[in-house]
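Visitor: Can you read through this structure? Questions will come right after.
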Amino acid sequence: MSMQNRRTLLLGAATSLALVALPNLAAAQGFGGFDDDRLYQDGAGQLYRKRGGEYVPYNGRVSNGRPVPETGADLDAQAYARRRAERYGEPPPETPGQAFNQTPANGPIQTPRPAGPGQAGWQLPPQQPDNGPIDYARAYGPVTGEPFPVAAIPYKKFNQTYLRQEVDFRTTEPPGTIVIDPRARFLYLVLPGGRARRYGVGVGKQGFAWSGTATINSKQAWPDWYPPKEMIARRPDLAEQVDKLQSGLGVAGGSRNPLGARAMYLWQNNKDTLFRIHGTLEPHSIGQSVSSGCIRMINQDAIDLFNRVEVGTRVVVLG
């Protein structure tokens with residue numbers, strides 16, 4: 001049976017072919033990016049799910065006539081945000097008292113950091129990116145002019161594949177777009193002429209992946225980090241590190257902050273995805289699936305990317 005005939009069959013008999021549905025699944029899981037929680041079957045026995053009005057083949061597990069979510073499956077942005085907020089993420093910035101941490105897309109890149117407690121990032125003078133040939137000794141050496149020390153990285157001990165480099169990169173995305181390939185552990189900044197600046201990254205561990213498109217809504221140098229209460233409760237060591245900040249209990253920006261030297265905050269449809277591109281205290285984790293969903297970079301690479309992109313930059317996370 002041709003795909004066109006299958007689609008015709010499905011469109012004409014979707015109701016009769018729908019298997020068991022869970023009416024409350026939308027509120028609980030958001031369907032994981034699909035239009036509903038139903039399975040559809042054509043005359044040949046092939047199963048389908050509906051996404052964006054189109055029927056896509058489904059080859060996953062089935063239990064009691066309904067699809068069984070895979071723990072490692074990509075999440076849509078809203079499901080990702082819920083899961084991260086519940087277990088590992090930061091409070092959504094649109095909650096009361098937290099809008100201070102965000103910068104409107106048409107506003108300045110940085111919010112000045114107020115004196116005293118309750119700080120939310122540092123305002124640094126504009127920094128020009130180094131557009132010369134990539135010299136690893138310089139690129140991964142100590143960074144000067146920062147409010148906190150950024151130590152040199154022993155890059156010779158790293159997997160050289162994940163060090164910063166310019167590569168051939170064919171894409172339909174225009175120059176200036178960020179394309180992230182979580183499976184390959186690469187972040188690409190698209191350049192003209194079929195080239196890209198490629199960085200090695202650490203990505204979300206199983207069950208905390210996300211794919212889709214977003215926009216850099218704000219950028220922060222040395223951002224604060226607000227771990228959820230659940231994380232603080234199960235991490236006594238973390239409880240000793242957090243302080244009362246502008247938006248609650250957190251770790252102020254600095255050399256012991258897990259977000260590192262820079263963070264770029266990704267929003268979708270005017271909502272925070274709770275997905276960030278940021279530096280890290282654990283450069284050895286680059287090239288691995290270790291984070292709770294965010295894209296982590298060597299601090300030197302996060303600074304380099306930060307200096308090359310603007311608020312409003314389009315970000316594409318491949319599935």
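Quick note on naming: the chains in the structure tokens go A, B, ... in the order shown, residues restart at 1 in each chain, and ligands are numbered from 1 in order of appearance.
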Check which residues of stretch 123-192 of chain A sit at most 10 Å from stretch 206-227 of chain A using only C-alpha atoms, and return one row each with the closest pair of atoms and their distance in Å to one decimal, ordered by chain and rising number, as a Markdown table.

Guide:
| residue | atom | partner | partner_atom | distance |
| --- | --- | --- | --- | --- |
| A:Gln123 | CA | A:Ala221 | CA | 6.9 |
| A:Leu124 | CA | A:Ala221 | CA | 7.3 |
| A:Glu146 | CA | A:Trp222 | CA | 9.3 |
| A:Pro147 | CA | A:Trp222 | CA | 8.5 |
| A:Phe148 | CA | A:Trp222 | CA | 8.4 |
| A:Thr177 | CA | A:Thr215 | CA | 9.7 |
| A:Ile178 | CA | A:Thr215 | CA | 9.5 |
| A:Val179 | CA | A:Thr213 | CA | 9.2 |
| A:Ile180 | CA | A:Ser211 | CA | 9.0 |
| A:Asp181 | CA | A:Ser211 | CA | 9.3 |
| A:Pro182 | CA | A:Ala209 | CA | 8.0 |
| A:Arg183 | CA | A:Ala209 | CA | 9.8 |

Visitor: Residues as selected, N, CA, C and O atoms, written as a CSV table (one decimal), in the first residue's frame, can you do that?

Guide:
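Dumped to again39.csv:
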chain,number,residue,atom,x,y,z
A,123,GLN,N,27.6,43.2,34.6
A,123,GLN,CA,27.7,44.0,33.4
A,123,GLN,C,29.1,44.2,33.0
A,123,GLN,O,29.9,44.8,33.8
A,124,LEU,N,29.6,43.6,31.9
A,124,LEU,CA,30.9,43.8,31.5
A,124,LEU,C,31.0,44.7,30.2
A,124,LEU,O,30.1,44.7,29.5
A,146,GLU,N,38.1,39.6,33.7
A,146,GLU,CA,36.9,39.0,34.2
A,146,GLU,C,36.8,39.3,35.7
A,146,GLU,O,37.8,39.4,36.4
A,147,PRO,N,35.6,39.4,36.2
A,147,PRO,CA,35.4,39.7,37.7
A,147,PRO,C,35.9,38.5,38.5
A,147,PRO,O,36.1,38.6,39.7
A,148,PHE,N,36.0,37.3,37.9
A,148,PHE,CA,36.4,36.1,38.6
A,148,PHE,C,37.4,35.4,37.7
A,148,PHE,O,37.4,35.5,36.5
A,177,THR,N,22.9,31.7,12.8
A,177,THR,CA,22.1,30.7,13.6
A,177,THR,C,23.0,29.8,14.4
A,177,THR,O,24.1,29.4,13.9
A,178,ILE,N,22.5,29.4,15.5
A,178,ILE,CA,23.2,28.3,16.3
A,178,ILE,C,22.4,27.0,16.0
A,178,ILE,O,21.2,26.9,16.1
A,179,VAL,N,23.2,26.0,15.6
A,179,VAL,CA,22.6,24.7,15.4
A,179,VAL,C,23.3,23.7,16.4
A,179,VAL,O,24.5,23.6,16.4
A,180,ILE,N,22.5,23.0,17.2
A,180,ILE,CA,23.1,22.1,18.2
A,180,ILE,C,22.7,20.7,17.8
A,180,ILE,O,21.5,20.3,17.6
A,181,ASP,N,23.7,19.8,17.8
A,181,ASP,CA,23.5,18.4,17.5
A,181,ASP,C,23.9,17.6,18.8
A,181,ASP,O,25.0,17.3,19.0
A,182,PRO,N,22.8,17.3,19.6
A,182,PRO,CA,23.1,16.7,20.9
A,182,PRO,C,23.7,15.3,20.8
A,182,PRO,O,24.5,14.9,21.6
A,183,ARG,N,23.4,14.6,19.7
A,183,ARG,CA,23.9,13.2,19.6
A,183,ARG,C,25.4,13.2,19.3
A,183,ARG,O,26.1,12.4,19.7

Visitor: Residues within 12 Å of A:Ile298, please, as JSON, numbers by chain. Count only C-alpha atoms; anything in the same chain fewer than 5 positions from it doesn't count.

Guide: {"A": [139, 140, 141, 150, 151, 152, 153, 154, 155, 158, 162, 163, 164, 187, 199, 200, 201, 202, 258, 259, 260, 261, 262, 263, 277, 278, 279, 280, 281, 282, 283, 284, 285, 286, 287, 303, 304, 305]}

Visitor: Pick out each residue of stretch 186-308 of chain A that DSSP on the backbone tags as alpha helix (DSSP H); I need them as number ranges by chain.

Guide: A: 229-234, 236-239, 299-306

Visitor: Could you write out that same residue set with N, CA and C atoms as a CSV table (one decimal), in the first residue's frame?

Guide:
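The resulting part.csv:
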chain,number,residue,atom,x,y,z
A,229,LYS,N,14.1,23.5,45.2
A,229,LYS,CA,14.1,23.1,46.6
A,229,LYS,C,14.4,21.6,46.7
A,230,GLU,N,13.8,20.8,45.8
A,230,GLU,CA,14.0,19.4,45.9
A,230,GLU,C,15.5,19.0,45.8
A,231,MET,N,16.2,19.7,44.9
A,231,MET,CA,17.6,19.4,44.8
A,231,MET,C,18.4,19.8,46.0
A,232,ILE,N,18.0,20.9,46.6
A,232,ILE,CA,18.7,21.4,47.8
A,232,ILE,C,18.4,20.4,49.0
A,233,ALA,N,17.2,19.8,49.0
A,233,ALA,CA,16.8,18.9,50.1
A,233,ALA,C,17.6,17.6,50.0
A,234,ARG,N,17.9,17.1,48.8
A,234,ARG,CA,18.7,15.9,48.7
A,234,ARG,C,20.2,16.1,48.5
A,236,PRO,N,22.8,17.8,50.8
A,236,PRO,CA,23.2,18.6,51.9
A,236,PRO,C,24.4,19.5,51.6
A,237,ASP,N,25.3,19.1,50.7
A,237,ASP,CA,26.5,19.9,50.4
A,237,ASP,C,26.0,21.2,49.6
A,238,LEU,N,25.0,21.0,48.8
A,238,LEU,CA,24.4,22.2,48.1
A,238,LEU,C,23.8,23.1,49.1
A,239,ALA,N,23.1,22.6,50.1
A,239,ALA,CA,22.4,23.5,51.0
A,239,ALA,C,23.4,24.4,51.7
A,299,ASN,N,34.3,27.1,29.7
A,299,ASN,CA,34.1,28.5,29.9
A,299,ASN,C,34.7,29.4,28.8
A,300,GLN,N,35.9,29.1,28.3
A,300,GLN,CA,36.5,29.9,27.3
A,300,GLN,C,35.6,29.8,26.0
A,301,ASP,N,35.0,28.7,25.7
A,301,ASP,CA,34.2,28.6,24.5
A,301,ASP,C,32.9,29.3,24.8
A,302,ALA,N,32.3,29.2,26.0
A,302,ALA,CA,31.1,30.0,26.3
A,302,ALA,C,31.3,31.5,26.1
A,303,ILE,N,32.4,32.0,26.6
A,303,ILE,CA,32.7,33.4,26.4
A,303,ILE,C,32.9,33.7,24.9
A,304,ASP,N,33.5,32.9,24.2
A,304,ASP,CA,33.7,33.1,22.7
A,304,ASP,C,32.4,33.2,22.0
A,305,LEU,N,31.5,32.2,22.3
A,305,LEU,CA,30.2,32.2,21.6
A,305,LEU,C,29.4,33.4,22.1
A,306,PHE,N,29.4,33.7,23.4
A,306,PHE,CA,28.7,34.8,24.0
A,306,PHE,C,29.0,36.1,23.2

Visitor: Could you check how far atom CA of A:Gly194 sits from atom CA of A:Gly176, in Å to one decimal?

Guide: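 For atom CA of A:Gly194 relative to atom CA of A:Gly176, the distance reads 12.0 Å.
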
Visitor: With distances taken over only C-alpha atoms, which residue among A:Arg170, A:Arg235, A:Lys244, A:Arg138 lies nearest A:Tyr188?

Guide: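 Result for the nearest residue to A:Tyr188: A:Arg170.
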
Visitor: Can you list, as a list in words, every protein, DNA or RNA residue that comes within 6 Å of A:Arg197 when you count only C-alpha atoms, leaving out same-chain residues fewer than 5 positions away?

Guide: Gln165, Glu166, Tyr188 and Leu189 of chain A

Visitor: If I take atom CA of A:Tyr265 and atom CA of A:Ile134, how far is one from the other in Å, to one decimal?

Guide: 26.5 Å

Visitor: Under the rule that only C-alpha atoms are counted, which of A:Ser255, A:Asn307, A:Asn269, A:Thr171 is the nearest residue to A:Asp130?

Guide: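 Closest residue, counting only C-alpha atoms: A:Asn307.
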
Visitor: What is the atom CA of A:Thr313-atom CA of A:Leu191 distance in Å, reported with one decimal?

Guide: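 Answer for the atom CA of A:Thr313 to atom CA of A:Leu191 separation: 13.3 Å.
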
Visitor: Which residues, written as a list in words, have at least one atom at most 8 Å from stretch 48-50 of chain A, with only C-alpha atoms counted and residues fewer than 5 positions away on the same chain left out?

Guide: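 Close residues of stretch 48-50 of chain A: Phe34, Asp35, Asp36, Asp37, Arg38, Leu39, Tyr40, Gln41, Tyr55, Val56, Pro57 and Tyr58 of chain A.
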
Visitor: Print the selection's residues with C-alpha atoms to a file, as a tab-separated table (two decimals), in the first residue's frame.

Guide:
chain	number	residue	atom	x	y	z
A	34	PHE	CA	2.14	14.79	19.41
A	35	ASP	CA	-1.38	16.11	18.79
A	36	ASP	CA	-3.01	13.50	21.02
A	37	ASP	CA	-2.31	10.26	22.87
A	38	ARG	CA	-3.96	8.02	20.28
A	39	LEU	CA	-2.52	5.34	18.02
A	40	TYR	CA	-3.79	4.92	14.46
A	41	GLN	CA	-3.44	1.81	12.32
A	55	TYR	CA	0.35	11.01	10.56
A	56	VAL	CA	3.87	9.80	11.30
A	57	PRO	CA	4.88	6.13	11.62
A	58	TYR	CA	5.14	4.86	15.18
